[in-house]
Amino acid sequence: RRRRRRRGMNSSTSAHDGGHAAPATAAAAAELGGSHHDDEFYSLTMLLVFLLATWVVGKAVMKVKIPSLLGEMVVGMVLGPNLLDVVPFPDALVLVGEVGLLLLVLEAGLEVDLQLLTRIGVRGLIVAVVGSMVPLGLGVGIAMGIQKMEVMEALAVGASLSPTSMAIALNILKVGKSLQTPSGQLIIAAAIIDDVIALILLSELKALQGTPSALAIATPIISSVAFIAGIGGFAIFAMPRIMKRVENKSETFITLCVFGMFTLSIGLMNATYYGQSSFLLGAFLAGMVFCTLPQIKEVWHSQVKRIETWMLRLFFSTTIAFKVPVRDLWDPKVLTFTAALLIPLLGKMVTGVFAPRPLTKIS
């Protein structure tokens, strides 16, 4: 009975105040809706400012013979979450940038010259191993000598210095129109193997942190070799023969091949990732499987290229730039250690002795 009386009192009070409560509620809703609309408009404005700045600065630095990716990274570092923090939805933009990287690696596989690759295969392996192991050793030595790090921490520093950034290498080679040269193919082959070696090193470090087991140590190595030998062998030996047997390469057939390439890339990325190898290796191998079909390259350049270009701008200006701790870079200790870590770059320079001479030909 008390509950019924209370409900009655509340309903009568609401009825009594209804004339005043309804306008107040409507006003609050209108104010909330206006605020939400203003937030959306502000986010839209700042996103457009960020995209425009990325494009303009990238184009401007190219005028002085500097790769556009450096200008794009600077824009992301300044406007990103670690400094001015005016870019809306940074996590979403970082994810879009990752897709741009995958498209770039997929295109690198698609642009492989199989005849050239078979001739530089061993040389690419040597470049990758030397270009990984020398920076690894120098990085470990510097970390233990200057920062007095423990062995595992020093190995982590060295492992982070050993790989070649495939995204940056691909971008510069494409801008310089050198991707199809022997030197360009050598660099990309070495960068792919570099990435796999780096992933193996980091997987080994993770395995050694707990109770090491033979399986945990061997899995990344076996997985990477198996994918390269299996899928790479299929792309080099089996796929060209299959394509020769297809006489009528109609538009529908090419469309199905493009769909198959993207589907295969998703499958191989997951397989290589969960196999404790590099998921970028999966994307590269998927493109390589279809590299003997020139019609796919035409479709790529006519329909995917412009999308990829903008996604790559986001990769450099968000996925990479947003991770740079801009405010912490100016500490003297950080600057000293950073300057010392430039020394392992000499390990990359040493690999120049394996470059083909002249740079556009290979014997």
# chains A, B, ... in the order shown; residues from 1 in each chain; ligands from 1
>>> residues_around(residues="Leu79 in chain A", least_positions_apart="3", cutoff="12 Å", atoms="only C-alpha atoms", output="ChimeraX atom specification")
/A:46-47,49-51,53-54,72-76,82-88,90,317-318,321-322,324,326
>>> residues_around(residues="range 138-145 of chain A", least_positions_apart="4", cutoff="8 Å", atoms="only C-alpha atoms", output="number ranges by chain")
A: 134, 149-151, 154-155, 157-159, 161, 340-341, 343-344
>>> residues_around(residues="range 95-112 of chain A", least_positions_apart="4", cutoff="10 Å", atoms="only C-alpha atoms", output="MDAnalysis selection string")
chainID A and resid 90:91 116:117 166:168 170:171 174 179:180 185 188:189 192 261:262 265:266 269 279:294 296:297 300:301 304:305 307:320
>>> write_last_selection(atoms="C-alpha atoms", output="short mmCIF file (atom, residue, chain, number, x, y, z; two decimals), in the first residue's frame")
data_model
loop_
_atom_site.label_atom_id
_atom_site.label_comp_id
_atom_site.auth_asym_id
_atom_site.auth_seq_id
_atom_site.Cartn_x
_atom_site.Cartn_y
_atom_site.Cartn_z
CA PRO A 90 43.89 8.04 -33.76
CA ASP A 91 43.38 4.29 -33.25
CA LEU A 116 65.64 -11.90 -61.53
CA LEU A 117 64.68 -13.18 -58.09
CA MET A 166 60.27 -2.82 -45.77
CA ALA A 167 57.69 -0.02 -45.92
CA ILE A 168 60.30 2.75 -46.09
CA LEU A 170 59.59 0.09 -50.83
CA ASN A 171 58.39 3.67 -50.72
CA LYS A 174 59.08 3.29 -55.92
CA LEU A 179 61.89 -1.17 -57.69
CA GLN A 180 62.29 -3.23 -60.89
CA GLN A 185 64.79 -6.47 -56.15
CA ILE A 188 63.27 -6.03 -51.21
CA ALA A 189 64.31 -9.69 -51.07
CA ILE A 192 61.61 -9.60 -46.51
CA MET A 261 44.80 -12.90 -54.33
CA PHE A 262 43.19 -10.85 -51.56
CA SER A 265 46.70 -12.83 -48.55
CA ILE A 266 44.28 -12.84 -45.59
CA MET A 269 48.78 -13.51 -43.10
CA PHE A 279 52.45 -11.72 -41.24
CA LEU A 280 54.06 -9.40 -43.80
CA LEU A 281 55.72 -12.49 -45.25
CA GLY A 282 52.23 -13.92 -45.83
CA ALA A 283 51.11 -10.80 -47.71
CA PHE A 284 54.28 -10.78 -49.82
CA LEU A 285 53.93 -14.46 -50.74
CA ALA A 286 50.26 -13.98 -51.71
CA GLY A 287 51.23 -11.26 -54.18
CA MET A 288 54.15 -13.31 -55.45
CA VAL A 289 51.84 -16.23 -56.33
CA PHE A 290 50.10 -14.01 -58.93
CA CYS A 291 53.17 -12.09 -60.16
CA THR A 292 53.20 -13.94 -63.51
CA LEU A 293 49.74 -12.59 -64.44
CA PRO A 294 50.26 -9.11 -65.96
CA ILE A 296 46.31 -8.30 -62.35
CA LYS A 297 49.01 -5.65 -62.30
CA TRP A 300 46.03 -2.97 -59.41
CA HIS A 301 47.43 0.19 -60.99
CA VAL A 304 43.98 0.06 -56.08
CA LYS A 305 46.96 2.35 -56.54
CA ILE A 307 43.75 4.09 -52.42
CA GLU A 308 47.06 2.51 -51.45
CA THR A 309 48.87 5.85 -51.80
CA TRP A 310 46.58 7.59 -49.31
CA MET A 311 46.64 4.66 -46.89
CA LEU A 312 50.43 4.75 -46.98
CA ARG A 313 50.39 8.45 -46.12
CA LEU A 314 48.38 7.48 -43.05
CA PHE A 315 50.80 4.66 -42.27
CA PHE A 316 53.76 7.04 -42.04
CA SER A 317 51.85 9.93 -40.43
CA THR A 318 49.95 7.82 -37.87
CA THR A 319 51.06 4.20 -37.49
CA ILE A 320 54.73 5.20 -37.21
#
>>> closest_residue(among="A:Ser203, A:Ser68, A:Gln147, A:Ser178", to="Ser224 in chain A", atoms="only C-alpha atoms")
A:Ser203
>>> select_by_dssp(residues="range 258-333 of chain A", states="alpha helix (DSSP H)", output="PyMOL selection string")
chain A and resi 258-274+279-289+294-299+305-314+332-333
>>> residues_around(residues="Ile197 in chain A", least_positions_apart="5", cutoff="9 Å", atoms="only C-alpha atoms", output="list in words")
Ala128, Val129, Ser132, Ser162, Pro163, Ile192, Leu202, Ile221, Ser224, Ser277 and Ser278 of chain A
